[in-house]
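Right, one structure below, let's go through it.
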Amino acid sequence: MPASAQEVNGPGEDPLFTFLKKEKGFEGFDLNHPIGGKLDEMMRKMDPDFDKKPDIKWNFTKFLVDQEGKVIARYEPTHDIKLIEQDIAKFLNPKTTCCCCGK
């Protein structure tokens with residue numbers, strides 16, 4: 001049976017997403033990405049101040065959390081998947097360097 005959908009923004013949002021967004025707010029879309037400009041334009045039409053809010057903007061937003069529950073990074077849909085893979089590899093193999101924070 002599939003998991004039920006969780007609210008990620010607003011008064012009924014799941015507390016997990018409240019925590020994740022508090023730890024790593026929205027830092028913008030990569031405007032050099034093929035869909036970055038379109039996402040920015042679409043969101044700005046709905047809310048001119050969208051980029052100043054920590055809300056999850058798109059359902060492909062991801063968070064990297066370490067073993068202690070520390071939120072290491074937030075990835076928007078415009079993040080290159082290879083960079084996300086590198087960051088995950090860093091936590092599986094501490095000898096590598098994280099591309100998001102340089103640790």
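Identifiers in this document derive from the order of the structure tokens: chains are assigned A, B, ..., residues are numbered from 1 separately in each chain, and ligands are numbered from 1 in order of occurrence.
Close contacts of range 54-67 of chain A, defined as residues with an atom at most 8 Å away when counting only C-alpha atoms, with chain neighbours fewer than 4 positions off set aside, comprise Val8, Asn9, Leu20, Lys21, Lys22, Lys24, Gly25, Phe26, Met43, Val71, Ile72, Ala73, Arg74, Tyr75, Glu76, Pro77, Ile88 and Phe91 of chain A.
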**OP:** Could you give me, as a VMD selection string, each residue of range 10-45 of chain A that DSSP assigns to alpha helix (DSSP H) when run on this structure's backbone?
**Re:** chain A and resid 15 to 23 36 to 45
Any chance you could list, as a compact mmCIF listing (two decimals) with C-alpha atoms, in the first residue's frame, the residues in chain A that come up strand (DSSP E) when DSSP is run on the backbone?
```txt
# COMPACT_ATOMS: atom_id res chain seq x y z
CA LYS A 62 15.18 16.85 -1.74
CA PHE A 63 17.03 17.10 1.57
CA LEU A 64 20.24 15.35 2.65
CA VAL A 65 20.24 14.51 6.37
CA VAL A 71 20.20 18.73 7.56
CA ILE A 72 23.27 18.96 5.34
CA ALA A 73 21.78 20.25 2.10
CA ARG A 74 18.59 21.11 0.27
CA TYR A 75 18.32 20.39 -3.43
```
**OP:** Write out as a PyMOL selection string the residues lying within 9 Å of Leu31 in chain A, counting only C-alpha atoms and excluding same-chain residues fewer than 5 positions away.
**Re:** chain A and resi 36-40+78
Got time to write the residues from that selection, N, CA and C atoms, as a compact mmCIF listing (two decimals), in the first residue's frame?
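Result written to out-v4.txt:
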```txt
# COMPACT_ATOMS: atom_id res chain seq x y z
N GLY A 36 15.18 26.15 -14.98
CA GLY A 36 15.32 27.10 -13.89
C GLY A 36 14.58 28.40 -14.12
N GLY A 37 14.76 29.00 -15.28
CA GLY A 37 14.09 30.25 -15.60
C GLY A 37 12.58 30.11 -15.63
N LYS A 38 12.11 29.00 -16.19
CA LYS A 38 10.65 28.76 -16.26
C LYS A 38 10.06 28.60 -14.87
N LEU A 39 10.74 27.83 -14.01
CA LEU A 39 10.25 27.65 -12.64
C LEU A 39 10.21 28.98 -11.91
N ASP A 40 11.28 29.77 -12.06
CA ASP A 40 11.35 31.06 -11.39
C ASP A 40 10.21 31.96 -11.87
N THR A 78 16.36 21.91 -9.89
CA THR A 78 17.37 22.37 -10.85
C THR A 78 18.79 21.95 -10.47
```
